[in-house]
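A.B. asks: Right, I'll just put the structure down here and ask away after.
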Amino acid sequence: MTARRTNTKAREAATALRNETERTCVVCRAQREASGMVRLAVRAGGLVLAARGKERGVSVCLARACLEGLAPKVVSKVTGLPVSFELCTLLADLHAAAEARVLEMVGLARRTGTLVAGVDEVHGGEGGTVILAEDLAARGERRLPDGRRFVSGARLGHAAGMGYLGALRIPSGPLSEQAATWLSLWYESRPSGLDRGDDAGRFGSVSQASS
Ligand SMILES: [Zn+2]
């Protein structure tokens, strides 16, 4: 009897421990590290980004297929709460939030003195998260194969409190990991179909590049 209770307790403890680091995707049911997932909470009948906390919610993989599989019915079933949302609005909200968070990380890295700014400087180091301006010239991108395109250089620079910023590195560490997670969410929640053309038109990089 006692042994049985101990076993149960041990099992419960193991489950709690696993839940701290691993979550189950509400769409594909895969179990992953929390860093590879996004946590959404049900608030005021809708779904919102929520790091952790007591609000009931769901976790979903940082993958387009899973994000696009989010449906009010699925979320309601898991949380037991009434919820309604438009998928395209939710994805647009997540995309905007992810963009703001990445820019926030860039600003934080700058303020804490760890940000590596500029193509030459980034080229000379390694590790961490490398972010390229969407309007960085192709030769710059070729020098930084581990970089990922993001917003315009003007906006990257603004976030870092400097002028145009074509490339940057956030060195390995918690900040870099957070930036990488938000960058993944930003990519995976991009509007499909009209992404490149829409962005290029918005920032005028096409006319600049061809002139
Ligand atoms: Zn999934």
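Chain labels follow the order of the structure tokens: the first chain is A, the next B, and so on; residue numbering restarts at 1 in every chain, and ligands are counted from 1 in their shown order.
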Write down as a PyMOL selection string the residues of chain A whose backbone DSSP state falls under strand (DSSP E).
C.D. replies: chain A and resi 22-24+31-33+37-43+46-49+57-61+116-117+129-132+147-149+167-170
A.B. asks: Could you give me the residues within 6 Å of ligand 1, counting only C-alpha atoms and all ligand atoms, as a ChimeraX atom specification?
C.D. replies: /A:25,27-28,30,60-61,66
A.B. asks: Neighbours of A:Gln178 within 12 Å (only C-alpha atoms; same-chain residues fewer than 5 positions away dropped), as a count of residues only?
C.D. replies: 24
A.B. asks: DSSP on the backbone: which residues in stretch 36-163 of chain A end up as helix (DSSP H, G or I)? Give the answer as an MDAnalysis selection string.
C.D. replies: chainID A and resid 36 64:68 72:79 87:111 119:123 138:143 153:159
A.B. asks: Write the residues of the selection above to a file with C-alpha atoms, as a compact mmCIF listing (two decimals), in the first residue's frame.
C.D. replies:
```
# COMPACT_ATOMS: atom_id res chain seq x y z
CA GLY A 36 9.80 25.05 -29.86
CA ARG A 64 2.91 26.76 -40.20
CA ALA A 65 0.97 23.53 -40.56
CA CYS A 66 0.13 23.47 -36.85
CA LEU A 67 -0.61 27.21 -36.60
CA GLU A 68 -2.96 26.91 -39.55
CA PRO A 72 -12.00 27.29 -32.20
CA LYS A 73 -13.53 23.82 -31.86
CA VAL A 74 -10.18 22.19 -31.09
CA VAL A 75 -9.22 24.86 -28.52
CA SER A 76 -12.66 24.71 -26.86
CA LYS A 77 -12.46 20.95 -26.55
CA VAL A 78 -9.07 21.03 -24.83
CA THR A 79 -9.68 24.00 -22.54
CA LEU A 87 -7.67 32.10 -38.15
CA CYS A 88 -6.27 34.80 -40.46
CA THR A 89 -6.74 37.50 -37.80
CA LEU A 90 -5.10 35.31 -35.17
CA LEU A 91 -2.12 34.61 -37.44
CA ALA A 92 -1.79 38.31 -38.29
CA ASP A 93 -1.82 39.17 -34.57
CA LEU A 94 0.80 36.52 -33.81
CA HIS A 95 2.93 37.74 -36.70
CA ALA A 96 2.80 41.34 -35.47
CA ALA A 97 3.51 40.30 -31.88
CA ALA A 98 6.47 38.17 -32.95
CA GLU A 99 7.87 41.06 -34.98
CA ALA A 100 7.61 43.40 -31.99
CA ARG A 101 9.30 40.85 -29.71
CA VAL A 102 12.23 40.29 -32.09
CA LEU A 103 12.78 44.05 -32.35
CA GLU A 104 12.55 44.25 -28.56
CA MET A 105 15.31 41.60 -28.26
CA VAL A 106 17.47 43.59 -30.68
CA GLY A 107 17.01 46.70 -28.50
CA LEU A 108 17.77 44.72 -25.34
CA ALA A 109 20.93 43.25 -26.85
CA ARG A 110 22.05 46.74 -27.81
CA ARG A 111 21.35 48.17 -24.37
CA VAL A 119 27.89 42.74 -41.98
CA ASP A 120 31.68 42.75 -41.41
CA GLU A 121 31.36 42.47 -37.65
CA VAL A 122 28.77 39.69 -37.83
CA HIS A 123 30.90 37.86 -40.42
CA ALA A 138 22.55 39.69 -51.91
CA ARG A 139 26.36 39.79 -51.53
CA GLY A 140 25.90 40.60 -47.82
CA GLU A 141 23.55 37.65 -47.44
CA ARG A 142 26.06 35.34 -49.16
CA ARG A 143 28.68 36.27 -46.53
CA GLY A 153 17.47 47.76 -42.28
CA ALA A 154 15.95 51.07 -41.25
CA ARG A 155 13.62 49.34 -38.79
CA LEU A 156 16.38 47.06 -37.44
CA GLY A 157 18.56 50.13 -36.92
CA HIS A 158 15.75 52.01 -35.25
CA ALA A 159 15.22 49.12 -32.81
```
A.B. asks: Near A:Glu134, within 7 Å and counting only C-alpha atoms, which residues show up once chain neighbours fewer than 5 positions away are dropped, as number ranges by chain?
C.D. replies: A: 149-153
A.B. asks: Write to file, as a short mmCIF file (atom, residue, chain, number, x, y, z; two decimals), in the first residue's frame, the residues of the selection just made, with C-alpha atoms.
C.D. replies:
```cif
data_model
loop_
_atom_site.label_atom_id
_atom_site.label_comp_id
_atom_site.auth_asym_id
_atom_site.auth_seq_id
_atom_site.Cartn_x
_atom_site.Cartn_y
_atom_site.Cartn_z
CA ARG A 149 15.90 37.81 -43.37
CA PHE A 150 13.65 39.99 -41.26
CA VAL A 151 12.35 43.57 -41.55
CA SER A 152 14.04 46.53 -43.31
CA GLY A 153 17.47 47.76 -42.28
#
```
A.B. asks: Could you state the separation of atom CA of A:Ala63 and atom CA of A:Trp182 in Å, given to one decimal place?
C.D. replies: 12.0 Å
